[in-house]
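K.L.:
What follows is the file coords-v6.tsv, containing TSV, C-alpha atoms:
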chain	number	residue	atom	x	y	z
A	1	MET	CA	0.00	0.00	0.00
A	2	LYS	CA	1.48	3.33	-1.11
A	3	HIS	CA	1.44	6.08	1.54
A	4	HIS	CA	1.15	9.79	0.66
A	5	ASN	CA	1.12	12.86	2.88
A	6	VAL	CA	-1.97	14.18	1.08
A	7	ILE	CA	-4.60	12.50	-1.10
A	8	ILE	CA	-7.07	14.75	-2.90
A	9	ILE	CA	-10.22	13.22	-4.34
A	10	GLY	CA	-11.35	15.31	-7.30
A	11	ALA	CA	-9.26	16.68	-10.17
A	12	GLY	CA	-11.38	19.80	-10.71
A	13	ALA	CA	-10.58	23.46	-10.09
A	14	ALA	CA	-10.30	23.26	-6.28
A	15	GLY	CA	-8.56	19.87	-6.23
A	16	LEU	CA	-5.84	20.81	-8.72
A	17	MET	CA	-5.24	24.18	-7.06
A	18	CYS	CA	-4.94	22.44	-3.69
A	19	ALA	CA	-2.56	19.81	-5.11
A	20	ALA	CA	-0.14	22.35	-6.56
A	21	THR	CA	-0.20	24.45	-3.36
A	22	ALA	CA	0.48	21.44	-1.10
A	23	GLY	CA	3.10	20.08	-3.52
A	24	TYR	CA	5.07	23.34	-3.44
A	25	ARG	CA	5.22	22.95	0.36
A	26	GLY	CA	7.12	19.71	-0.20
A	27	ARG	CA	4.16	17.45	0.55
A	28	ASP	CA	3.82	14.12	-1.27
A	29	VAL	CA	0.49	14.65	-3.06
A	30	LEU	CA	-1.75	12.27	-5.04
A	31	VAL	CA	-4.93	13.42	-6.80
A	32	LEU	CA	-7.50	10.72	-7.64
A	33	ASP	CA	-10.48	11.15	-9.97
A	34	HIS	CA	-12.88	8.74	-11.67
A	35	ALA	CA	-13.01	10.85	-14.87
A	36	LYS	CA	-10.97	10.29	-18.02
A	37	GLN	CA	-10.02	13.94	-18.10
A	38	ALA	CA	-9.04	16.50	-15.44
A	39	GLY	CA	-11.02	19.74	-15.06
A	40	LYS	CA	-14.03	18.73	-17.15
A	41	LYS	CA	-16.23	21.48	-15.73
A	42	ILE	CA	-13.51	24.06	-16.40
A	43	LEU	CA	-13.37	22.99	-20.05
A	44	ILE	CA	-17.05	23.71	-20.75
A	45	SER	CA	-17.30	26.85	-18.61
A	46	GLY	CA	-17.82	30.28	-20.12
A	47	GLY	CA	-18.81	28.80	-23.47
A	48	GLY	CA	-15.44	27.03	-23.63
A	49	ARG	CA	-13.50	30.17	-22.69
A	50	CYS	CA	-13.65	29.80	-18.89
A	51	ASN	CA	-14.78	32.82	-16.87
A	52	PHE	CA	-11.91	32.08	-14.49
A	53	THR	CA	-12.39	34.90	-11.97
A	54	ASN	CA	-13.80	38.39	-11.46
A	55	GLN	CA	-11.97	41.69	-10.95
A	56	LYS	CA	-14.29	42.62	-8.07
A	57	VAL	CA	-14.72	39.76	-5.58
A	58	GLU	CA	-16.47	40.45	-2.27
A	59	PRO	CA	-17.82	38.07	0.41
A	60	SER	CA	-21.28	39.43	-0.47
A	61	ASN	CA	-21.00	37.68	-3.87
A	62	PHE	CA	-21.36	34.31	-2.13
A	63	ILE	CA	-24.24	32.40	-0.59
A	64	CYS	CA	-23.44	30.48	2.59
A	65	ARG	CA	-25.53	29.92	5.71
A	66	ASN	CA	-22.58	31.40	7.64
A	67	PRO	CA	-21.77	34.51	5.56
A	68	HIS	CA	-18.52	35.12	7.48
A	69	PHE	CA	-17.03	31.74	6.53
A	70	VAL	CA	-15.72	32.81	3.10
A	71	LYS	CA	-13.93	35.96	4.29
A	72	SER	CA	-10.63	34.48	5.44
A	73	ALA	CA	-9.87	32.37	2.35
A	74	LEU	CA	-10.97	35.09	-0.09
A	75	ALA	CA	-8.81	37.67	1.68
A	76	ARG	CA	-5.73	35.43	1.61
A	77	TYR	CA	-6.02	34.45	-2.05
A	78	ARG	CA	-7.50	37.23	-4.13
A	79	SER	CA	-8.54	37.34	-7.77
A	80	SER	CA	-5.39	39.43	-8.44
A	81	ASP	CA	-3.30	36.44	-7.25
A	82	PHE	CA	-4.95	34.13	-9.76
A	83	ILE	CA	-4.67	36.74	-12.54
A	84	GLU	CA	-0.94	36.90	-11.80
A	85	LEU	CA	-0.72	33.10	-12.19
A	86	VAL	CA	-2.59	33.25	-15.51
A	87	GLU	CA	-0.25	35.98	-16.77
A	88	ARG	CA	2.84	34.02	-15.67
A	89	HIS	CA	1.68	31.17	-17.90
A	90	GLY	CA	1.25	33.57	-20.83
A	91	ILE	CA	-2.52	33.05	-21.07
A	92	GLU	CA	-4.21	35.96	-22.81
A	93	TYR	CA	-7.57	37.07	-21.43
A	94	HIS	CA	-10.16	39.83	-21.70
A	95	GLU	CA	-12.69	41.52	-19.43
A	96	ARG	CA	-16.43	41.54	-20.09
A	97	ASP	CA	-19.31	43.17	-18.21
A	98	HIS	CA	-19.22	43.34	-14.43
A	99	GLY	CA	-15.50	42.52	-14.15
A	100	GLN	CA	-15.74	39.00	-15.62
A	101	LEU	CA	-12.45	37.65	-17.00
A	102	PHE	CA	-12.32	35.10	-19.84
A	103	CYS	CA	-9.54	33.38	-21.78
A	104	ASN	CA	-9.09	34.85	-25.27
A	105	ASP	CA	-8.53	31.39	-26.68
A	106	SER	CA	-9.76	28.38	-24.73
A	107	ALA	CA	-10.56	27.02	-21.28
A	108	LYS	CA	-8.07	24.25	-22.09
A	109	GLU	CA	-5.35	26.77	-21.24
A	110	ILE	CA	-6.54	26.99	-17.62
A	111	VAL	CA	-6.58	23.19	-17.24
A	112	ALA	CA	-3.13	22.94	-18.85
A	113	MET	CA	-1.86	25.64	-16.47
A	114	LEU	CA	-3.18	23.80	-13.40
A	115	LEU	CA	-1.72	20.46	-14.55
A	116	THR	CA	1.61	22.15	-15.28
A	117	GLU	CA	1.59	23.67	-11.79
A	118	CYS	CA	0.89	20.21	-10.31
A	119	GLU	CA	3.76	18.77	-12.34
A	120	TRP	CA	6.18	21.50	-11.24
A	121	ALA	CA	5.07	21.02	-7.62
A	122	GLY	CA	5.57	17.23	-7.86
A	123	ALA	CA	1.87	16.45	-7.30
A	124	GLN	CA	0.71	13.29	-9.09
A	125	VAL	CA	-2.69	13.28	-10.85
A	126	GLN	CA	-4.25	9.85	-11.43
A	127	LEU	CA	-7.46	9.61	-13.46
A	128	ARG	CA	-9.88	6.71	-14.19
A	129	THR	CA	-9.75	5.67	-10.53
A	130	GLU	CA	-12.99	4.73	-8.77
A	131	ILE	CA	-13.02	5.09	-4.99
A	132	ILE	CA	-14.57	2.01	-3.39
A	133	ASP	CA	-14.41	3.00	0.27
A	134	ILE	CA	-12.57	5.15	2.79
A	135	ALA	CA	-11.67	4.29	6.39
A	136	ARG	CA	-9.80	6.13	9.12
A	137	GLN	CA	-7.54	4.24	11.52
A	138	ASP	CA	-7.17	5.08	15.21
A	139	SER	CA	-3.76	6.55	14.37
A	140	GLY	CA	-5.53	9.14	12.17
A	141	VAL	CA	-4.28	7.65	8.89
A	142	PHE	CA	-6.88	7.37	6.10
A	143	ILE	CA	-7.08	4.18	4.01
A	144	ILE	CA	-8.56	4.50	0.52
A	145	ASN	CA	-9.63	1.41	-1.42
A	146	SER	CA	-9.83	2.12	-5.13
A	147	SER	CA	-10.19	0.35	-8.46
A	148	LYS	CA	-6.42	0.76	-8.80
A	149	GLY	CA	-5.42	-0.54	-5.39
A	150	GLN	CA	-5.10	0.71	-1.83
A	151	TYR	CA	-3.59	3.99	-0.70
A	152	SER	CA	-3.06	5.65	2.67
A	153	CYS	CA	-2.57	9.30	3.67
A	154	ASP	CA	-2.30	11.64	6.64
A	155	SER	CA	-4.48	14.35	5.09
A	156	LEU	CA	-7.54	13.57	2.97
A	157	VAL	CA	-9.07	16.36	0.87
A	158	ILE	CA	-12.56	16.02	-0.60
A	159	ALA	CA	-12.81	18.26	-3.69
A	160	THR	CA	-15.48	16.35	-5.59
A	161	GLY	CA	-17.82	19.25	-6.37
A	162	GLY	CA	-21.61	19.21	-6.19
A	163	LEU	CA	-24.44	17.60	-8.14
A	164	SER	CA	-24.48	20.05	-11.05
A	165	MET	CA	-24.14	18.69	-14.59
A	166	PRO	CA	-24.19	14.92	-13.96
A	167	LYS	CA	-23.24	14.38	-17.63
A	168	LEU	CA	-19.78	15.66	-16.68
A	169	GLY	CA	-19.53	13.06	-13.93
A	170	ALA	CA	-21.01	14.91	-10.93
A	171	THR	CA	-21.97	12.53	-8.10
A	172	PRO	CA	-22.97	12.84	-4.41
A	173	PHE	CA	-19.67	11.16	-3.41
A	174	GLY	CA	-18.35	14.10	-1.37
A	175	TYR	CA	-21.58	14.37	0.60
A	176	LYS	CA	-21.48	10.65	1.40
A	177	VAL	CA	-17.93	10.97	2.75
A	178	ALA	CA	-19.01	13.91	4.92
A	179	GLU	CA	-21.94	11.89	6.27
A	180	GLN	CA	-19.72	8.85	6.87
A	181	PHE	CA	-17.53	10.95	9.16
A	182	GLY	CA	-20.49	12.51	10.99
A	183	LEU	CA	-20.58	15.95	9.39
A	184	THR	CA	-23.88	17.76	8.86
A	185	LEU	CA	-25.15	18.34	5.32
A	186	LEU	CA	-27.39	21.25	4.43
A	187	PRO	CA	-30.12	20.51	1.85
A	188	THR	CA	-28.86	20.77	-1.73
A	189	HIS	CA	-30.59	22.20	-4.77
A	190	ALA	CA	-29.70	23.49	-8.23
A	191	GLY	CA	-28.32	27.02	-8.51
A	192	LEU	CA	-27.52	29.37	-11.43
A	193	VAL	CA	-30.16	27.52	-13.40
A	194	PRO	CA	-32.91	28.45	-15.93
A	195	PHE	CA	-36.60	28.44	-14.94
A	196	THR	CA	-39.25	26.32	-16.67
A	197	TRP	CA	-42.82	27.23	-17.67
A	198	HIS	CA	-46.05	25.72	-16.38
A	199	SER	CA	-47.81	23.99	-19.31
A	200	GLU	CA	-50.36	26.80	-19.81
A	201	GLN	CA	-47.57	29.42	-19.69
A	202	ARG	CA	-45.58	27.46	-22.24
A	203	ALA	CA	-48.35	27.65	-24.84
A	204	ARG	CA	-48.47	31.42	-24.36
A	205	PHE	CA	-44.77	32.29	-24.13
A	206	GLU	CA	-43.02	29.67	-26.30
A	207	PRO	CA	-43.35	31.88	-29.42
A	208	LEU	CA	-41.07	34.40	-27.67
A	209	SER	CA	-38.13	31.96	-27.69
A	210	GLY	CA	-34.91	33.75	-28.55
A	211	ILE	CA	-35.98	37.23	-27.41
A	212	ALA	CA	-33.59	38.86	-24.93
A	213	VAL	CA	-34.25	42.13	-23.08
A	214	PRO	CA	-32.45	44.07	-20.33
A	215	SER	CA	-34.32	43.64	-17.06
A	216	THR	CA	-34.24	43.90	-13.30
A	217	ILE	CA	-35.51	40.76	-11.56
A	218	THR	CA	-36.40	40.66	-7.88
A	219	ALA	CA	-36.82	37.58	-5.69
A	220	LYS	CA	-39.28	37.32	-2.81
A	221	ASP	CA	-36.53	38.11	-0.28
A	222	GLY	CA	-35.80	41.43	-2.04
A	223	THR	CA	-32.58	40.34	-3.78
A	224	GLU	CA	-32.42	41.81	-7.28
A	225	PHE	CA	-30.21	41.59	-10.36
A	226	SER	CA	-30.12	43.85	-13.42
A	227	GLU	CA	-28.98	41.92	-16.48
A	228	ALA	CA	-30.33	40.33	-19.64
A	229	LEU	CA	-33.44	38.14	-19.54
A	230	LEU	CA	-33.81	35.48	-22.25
A	231	PHE	CA	-37.01	33.70	-23.32
A	232	THR	CA	-36.47	30.04	-24.26
A	233	HIS	CA	-38.69	27.17	-25.46
A	234	ARG	CA	-38.66	25.73	-21.96
A	235	GLY	CA	-38.85	28.88	-19.85
A	236	LEU	CA	-36.67	31.82	-18.84
A	237	SER	CA	-32.89	32.05	-18.87
A	238	GLY	CA	-30.17	34.67	-19.29
A	239	PRO	CA	-27.81	36.11	-16.66
A	240	ALA	CA	-30.54	37.85	-14.62
A	241	ILE	CA	-32.54	34.61	-14.30
A	242	LEU	CA	-29.51	32.46	-13.47
A	243	GLN	CA	-28.52	34.93	-10.73
A	244	ILE	CA	-32.00	35.17	-9.20
A	245	SER	CA	-32.43	31.35	-9.24
A	246	ASN	CA	-29.98	31.17	-6.30
A	247	TYR	CA	-32.46	33.13	-4.19
A	248	TRP	CA	-35.71	31.57	-5.44
A	249	ARG	CA	-37.64	28.78	-3.73
A	250	ALA	CA	-40.38	26.61	-5.26
A	251	GLY	CA	-43.80	28.27	-5.08
A	252	GLU	CA	-42.45	31.82	-4.93
A	253	THR	CA	-43.12	34.46	-7.58
A	254	ILE	CA	-40.44	36.58	-9.20
A	255	SER	CA	-40.98	40.22	-10.10
A	256	ILE	CA	-39.64	41.39	-13.48
A	257	ASN	CA	-39.04	45.01	-14.45
A	258	LEU	CA	-38.95	44.90	-18.26
A	259	LEU	CA	-38.01	48.59	-18.57
A	260	PRO	CA	-35.66	49.23	-15.66
A	261	HIS	CA	-34.06	52.30	-17.23
A	262	MET	CA	-37.21	54.33	-17.76
A	263	ASP	CA	-40.31	55.55	-15.93
A	264	VAL	CA	-43.20	54.05	-17.90
A	265	ALA	CA	-45.89	56.24	-16.29
A	266	GLU	CA	-43.98	59.40	-17.14
A	267	SER	CA	-43.15	58.21	-20.67
A	268	LEU	CA	-46.77	57.23	-21.35
A	269	GLN	CA	-47.94	60.66	-20.18
A	270	HIS	CA	-45.37	62.36	-22.41
A	271	MET	CA	-46.33	60.26	-25.45
A	272	THR	CA	-50.05	60.92	-24.83
A	273	THR	CA	-49.38	64.66	-24.90
A	274	GLN	CA	-47.17	64.45	-28.01
A	275	HIS	CA	-49.05	61.75	-29.98
A	276	PRO	CA	-52.56	61.33	-28.48
A	277	LYS	CA	-53.88	59.29	-31.43
A	278	GLN	CA	-50.96	56.83	-31.51
A	279	SER	CA	-51.94	53.26	-30.60
A	280	LEU	CA	-50.63	51.66	-27.43
A	281	ARG	CA	-49.09	48.93	-29.63
A	282	ASN	CA	-46.99	51.38	-31.62
A	283	THR	CA	-45.96	53.22	-28.47
A	284	LEU	CA	-44.82	50.14	-26.53
A	285	SER	CA	-43.13	48.69	-29.63
A	286	GLN	CA	-40.66	51.57	-29.46
A	287	TRP	CA	-39.56	50.32	-26.03
A	288	LEU	CA	-39.81	46.52	-26.27
A	289	PRO	CA	-39.89	43.85	-29.02
A	290	LYS	CA	-43.29	43.82	-30.74
A	291	ARG	CA	-43.71	40.06	-30.26
A	292	LEU	CA	-43.29	40.48	-26.51
A	293	ILE	CA	-45.81	43.33	-26.34
A	294	GLU	CA	-48.38	41.27	-28.25
A	295	VAL	CA	-48.09	38.34	-25.86
A	296	LEU	CA	-48.15	40.47	-22.71
A	297	PHE	CA	-51.18	42.63	-23.55
A	298	ASP	CA	-54.69	42.05	-24.84
A	299	GLU	CA	-55.14	42.95	-28.51
A	300	ALA	CA	-58.10	45.24	-27.87
A	301	LEU	CA	-56.00	47.22	-25.40
A	302	LEU	CA	-53.05	47.43	-27.81
A	303	ASN	CA	-55.34	48.83	-30.54
A	304	MET	CA	-56.55	51.70	-28.32
A	305	ALA	CA	-55.22	55.21	-28.88
A	306	LEU	CA	-53.23	56.63	-25.97
A	307	ASN	CA	-55.85	59.29	-25.28
A	308	GLN	CA	-58.52	56.58	-24.94
A	309	LEU	CA	-56.81	54.87	-22.01
A	310	VAL	CA	-58.39	55.41	-18.61
A	311	HIS	CA	-56.33	55.78	-15.40
A	312	ALA	CA	-56.88	52.16	-14.29
A	313	GLN	CA	-55.62	50.86	-17.63
A	314	ARG	CA	-52.54	53.09	-17.51
A	315	ASP	CA	-51.78	51.95	-13.96
A	316	GLN	CA	-52.09	48.30	-14.99
A	317	ILE	CA	-49.79	48.80	-17.99
A	318	VAL	CA	-47.20	50.44	-15.73
A	319	ALA	CA	-47.46	47.58	-13.21
A	320	ASP	CA	-47.19	44.91	-15.92
A	321	LEU	CA	-44.03	46.47	-17.33
A	322	HIS	CA	-42.30	47.46	-14.09
A	323	GLN	CA	-43.53	44.67	-11.78
A	324	TRP	CA	-44.52	41.70	-13.91
A	325	GLN	CA	-45.28	38.94	-11.41
A	326	LEU	CA	-44.51	35.42	-12.61
A	327	LEU	CA	-44.95	32.09	-10.85
A	328	MET	CA	-42.61	29.69	-12.62
A	329	ASN	CA	-43.10	25.92	-12.65
A	330	GLY	CA	-39.59	25.14	-11.43
A	331	THR	CA	-36.01	24.99	-12.69
A	332	GLU	CA	-34.20	22.79	-15.20
A	333	GLY	CA	-32.48	21.17	-12.20
A	334	TYR	CA	-28.96	19.80	-11.92
A	335	ARG	CA	-28.86	18.88	-15.62
A	336	THR	CA	-28.02	22.46	-16.61
A	337	ALA	CA	-27.29	24.08	-13.22
A	338	GLU	CA	-23.89	25.74	-12.95
A	339	VAL	CA	-23.64	25.23	-9.18
A	340	THR	CA	-25.11	23.25	-6.30
A	341	LEU	CA	-26.48	25.26	-3.39
A	342	GLY	CA	-26.09	23.72	0.08
A	343	GLY	CA	-23.68	20.92	0.96
A	344	VAL	CA	-21.27	20.35	3.83
A	345	ASP	CA	-22.20	22.67	6.71
A	346	THR	CA	-19.41	25.24	7.05
A	347	ASP	CA	-20.07	25.56	10.80
A	348	GLU	CA	-18.30	22.19	11.09
A	349	LEU	CA	-15.20	23.37	9.19
A	350	SER	CA	-12.37	25.74	10.03
A	351	SER	CA	-12.66	28.90	7.92
A	352	LYS	CA	-8.86	29.13	7.91
A	353	ASP	CA	-8.03	25.75	6.33
A	354	MET	CA	-11.42	24.05	5.63
A	355	GLN	CA	-10.50	21.18	7.96
A	356	SER	CA	-13.23	19.27	9.78
A	357	LYS	CA	-13.49	20.31	13.42
A	358	LYS	CA	-14.56	16.73	14.31
A	359	VAL	CA	-12.13	14.72	12.17
A	360	PRO	CA	-8.52	15.97	12.14
A	361	GLY	CA	-6.89	15.54	8.73
A	362	LEU	CA	-10.18	15.60	6.78
A	363	TYR	CA	-10.51	18.67	4.54
A	364	PHE	CA	-13.08	19.97	2.04
A	365	ALA	CA	-12.41	22.29	-0.90
A	366	GLY	CA	-14.64	23.98	-3.48
A	367	GLU	CA	-18.29	23.40	-4.30
A	368	VAL	CA	-18.85	20.39	-2.01
A	369	MET	CA	-19.18	22.89	0.85
A	370	ASP	CA	-22.21	25.09	1.47
A	371	VAL	CA	-20.66	27.97	-0.50
A	372	SER	CA	-22.02	29.13	-3.86
A	373	GLY	CA	-20.98	32.20	-5.80
A	374	TRP	CA	-22.83	34.47	-8.17
A	375	LEU	CA	-22.52	34.10	-11.92
A	376	GLY	CA	-19.40	35.81	-13.25
A	377	GLY	CA	-16.29	33.91	-12.15
A	378	PHE	CA	-17.04	33.87	-8.43
A	379	ASN	CA	-17.39	30.09	-8.12
A	380	PHE	CA	-13.98	29.62	-9.72
A	381	GLN	CA	-12.49	32.19	-7.36
A	382	TRP	CA	-13.91	30.19	-4.43
A	383	ALA	CA	-12.35	27.03	-5.91
A	384	TRP	CA	-8.94	28.73	-6.16
A	385	ALA	CA	-9.13	30.39	-2.73
A	386	SER	CA	-10.42	27.35	-0.85
A	387	GLY	CA	-7.96	25.09	-2.71
A	388	VAL	CA	-5.07	27.30	-1.66
A	389	ALA	CA	-6.35	27.51	1.94
A	390	VAL	CA	-6.43	23.69	2.18
A	391	GLY	CA	-3.16	23.25	0.30
A	392	GLN	CA	-1.33	25.54	2.72
A	393	SER	CA	-2.36	23.33	5.65
A	394	ALA	CA	-3.01	19.74	4.50
Show me the file's structure as structure tokens.
P.N.:
Amino acid sequence: MKHHNVIIIGAGAAGLMCAATAGYRGRDVLVLDHAKQAGKKILISGGGRCNFTNQKVEPSNFICRNPHFVKSALARYRSSDFIELVERHGIEYHERDHGQLFCNDSAKEIVAMLLTECEWAGAQVQLRTEIIDIARQDSGVFIINSSKGQYSCDSLVIATGGLSMPKLGATPFGYKVAEQFGLTLLPTHAGLVPFTWHSEQRARFEPLSGIAVPSTITAKDGTEFSEALLFTHRGLSGPAILQISNYWRAGETISINLLPHMDVAESLQHMTTQHPKQSLRNTLSQWLPKRLIEVLFDEALLNMALNQLVHAQRDQIVADLHQWQLLMNGTEGYRTAEVTLGGVDTDELSSKDMQSKKVPGLYFAGEVMDVSGWLGGFNFQWAWASGVAVGQSA
């Protein structure tokens, strides 16, 4: 049985970052993963260009039952530290809206960089290895039985991610290990995920598929995001929807402001004064796609001239455009979700090194914990920061 100082289960963003960090400390590191390829989720992220971090990372960009938990790791490994690493490897990148950073060429460059770092640090990455079971001896040494034999280690790091995108190999393995060692799990559900229509909504809104509009979307708890909203065959998507999905619970409505950058009541009044005979259809079509207007409003109303509208009708139009209330059927679930909300309860982990308070030598890194970031590179930054925090200690 081969003994290592550190065994990391999971060759994703957090696992590889942790491996390189621990390896540079002179630790004997082995990374095990059941996949045929390292960093599969990295490779498909950002449309294949990997939104690897964000220029402006704050603890408030993360969802965790203990909001203070993320502060230490994020402060010790900032986005500027990862940008420096990317630049050292000669990877060219660009900035998009809201401080998001993407590779100019391909996400493969980020995976290659991480594997190169592991190689330079002397950390071994072994793929196509199924973990059969894990045990911990009284001495504190962990024994791992795998499809490629038995291994032992002093520090065991679980960096297996969440349940998002099972096609890429996501499994509940990390949660099962946490449960095996007596740690508490918080309920998990899909995050950064599109919404789906109820059947009667689908018949009405499906013709709008492909339309995108700027919007401000508000969840029941008051959280709001101002970004693009996209109509799809199945429901609603786009950055604003993915962001708000992290704060939405089944059975709750969302409120959509379709014209966040204008005052509809004021604009309607102005247009009525300037063009009293103009139809409501022609007026609203200057502000929003005609197809959307025709689905949202009754045809008889749209055919009315502005000066024919009574106060109650005007008020309703304003409400429908600024506070459109929608009760969605649900989400597309883990199949398309970018993250998993919930997971290993952070109250049971050290915020300094992500080590279990109950089981010395057992660490968690990345998405397996109850930490989820907003859309825009924040989940990767958590992977890098938590990976480094574990790697500096394990």
K.L.:
Could you list, as JSON, numbers by chain, every residue within 9 Å of A:Asn379, counting all atoms listed in the file and ignoring same-chain residues fewer than 6 positions away?
P.N.:
{"A": [52, 53, 62, 339, 366, 367, 371, 372, 373]}
K.L.:
Which residues are close to stretch 118-122 of chain A, i.e. within 7 Å by only C-alpha atoms, leaving aside same-chain residues fewer than 3 positions away? Reply as a ChimeraX atom specification.
P.N.:
/A:16,19-20,23-24,114-115
K.L.:
Tell me which of A:Met113, A:Leu30, A:Val213, A:Met328 sits closest to A:Lys290, counting all atoms listed in the file.
P.N.:
A:Val213
K.L.:
To one decimal place, how far is atom CA of A:Leu321 from atom CA of A:Ile256 in Å?
P.N.:
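These two atoms are separated by 7.7 Å.
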K.L.:
What is the atom CA of A:Leu127 to atom CA of A:Gly47 distance in Å?
P.N.:
24.4 Å
K.L.:
Could you list, as JSON, numbers by chain, every residue within 12 Å of A:Leu230, counting only C-alpha atoms and ignoring same-chain residues fewer than 3 positions away?
P.N.:
{"A": [194, 195, 205, 206, 208, 209, 210, 211, 212, 213, 214, 215, 227, 233, 234, 235, 236, 237, 238, 239, 240, 241, 242, 258, 292]}
K.L.:
Near stretch 93-107 of chain A, counting all atoms listed in the file, which residues have an atom at most 6 Å away, once you skip same-chain residues fewer than 2 positions from it, shown as a list in words?
P.N.:
Leu43, Gly48, Arg49, Cys50, Asn51, Thr53, Asn54, Gln55, Glu109, Ile110 and Gly376 of chain A
K.L.:
Have a look at atom CA of A:Lys167 and atom CA of A:Thr129 and let me know their distance in Å, one decimal.
P.N.:
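Distance between the two atoms: 17.6 Å.
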K.L.:
Point out the residue among A:Leu306, A:Val125, A:His68, A:Ala203 with the least atom-to-atom distance to A:His275, counting only C-alpha atoms.
P.N.:
A:Leu306
K.L.:
Under the rule that all atoms listed in the file are counted, which of A:Asp298, A:Asp353, A:Glu338, A:Glu332 is the nearest residue to A:Gln243?
P.N.:
A:Glu338
K.L.:
Near A:Gly330, counting all atoms listed in the file, which residues have an atom at most 9 Å away, once you skip same-chain residues fewer than 3 positions from it, shown as a PyMOL selection string?
P.N.:
chain A and resi 194-198+249-251+327+333
K.L.:
Measuring between only C-alpha atoms, which one of A:Leu85, A:Leu296, A:Ala312, A:Ile42 shows the shortest distance to A:Gln325?
P.N.:
A:Leu296
K.L.:
For stretch 46-50 of chain A, supply all heavy atoms and report the output as a short mmCIF file (atom, residue, chain, number, x, y, z; two decimals), in the frame of the given file.
P.N.:
data_model
loop_
_atom_site.label_atom_id
_atom_site.label_comp_id
_atom_site.auth_asym_id
_atom_site.auth_seq_id
_atom_site.Cartn_x
_atom_site.Cartn_y
_atom_site.Cartn_z
N GLY A 46 -17.96 29.04 -19.34
CA GLY A 46 -17.82 30.28 -20.12
C GLY A 46 -17.87 30.05 -21.61
O GLY A 46 -17.16 30.72 -22.36
N GLY A 47 -18.70 29.10 -22.04
CA GLY A 47 -18.81 28.80 -23.47
C GLY A 47 -17.50 28.30 -24.04
O GLY A 47 -17.16 28.53 -25.20
N GLY A 48 -16.72 27.58 -23.19
CA GLY A 48 -15.44 27.03 -23.63
C GLY A 48 -14.27 27.99 -23.48
O GLY A 48 -13.14 27.68 -23.85
N ARG A 49 -14.58 29.18 -22.87
CA ARG A 49 -13.50 30.17 -22.69
C ARG A 49 -13.17 30.41 -21.21
O ARG A 49 -12.26 31.17 -20.90
CB ARG A 49 -13.86 31.48 -23.36
CG ARG A 49 -13.86 31.30 -24.88
CD ARG A 49 -13.47 32.56 -25.60
NE ARG A 49 -13.24 32.27 -27.02
CZ ARG A 49 -13.27 33.19 -27.96
NH1 ARG A 49 -13.50 34.44 -27.64
NH2 ARG A 49 -13.03 32.86 -29.20
N CYS A 50 -13.91 29.78 -20.33
CA CYS A 50 -13.65 29.80 -18.89
C CYS A 50 -13.61 31.21 -18.28
O CYS A 50 -12.62 31.93 -18.40
CB CYS A 50 -12.35 29.07 -18.53
SG CYS A 50 -12.13 28.92 -16.74
#
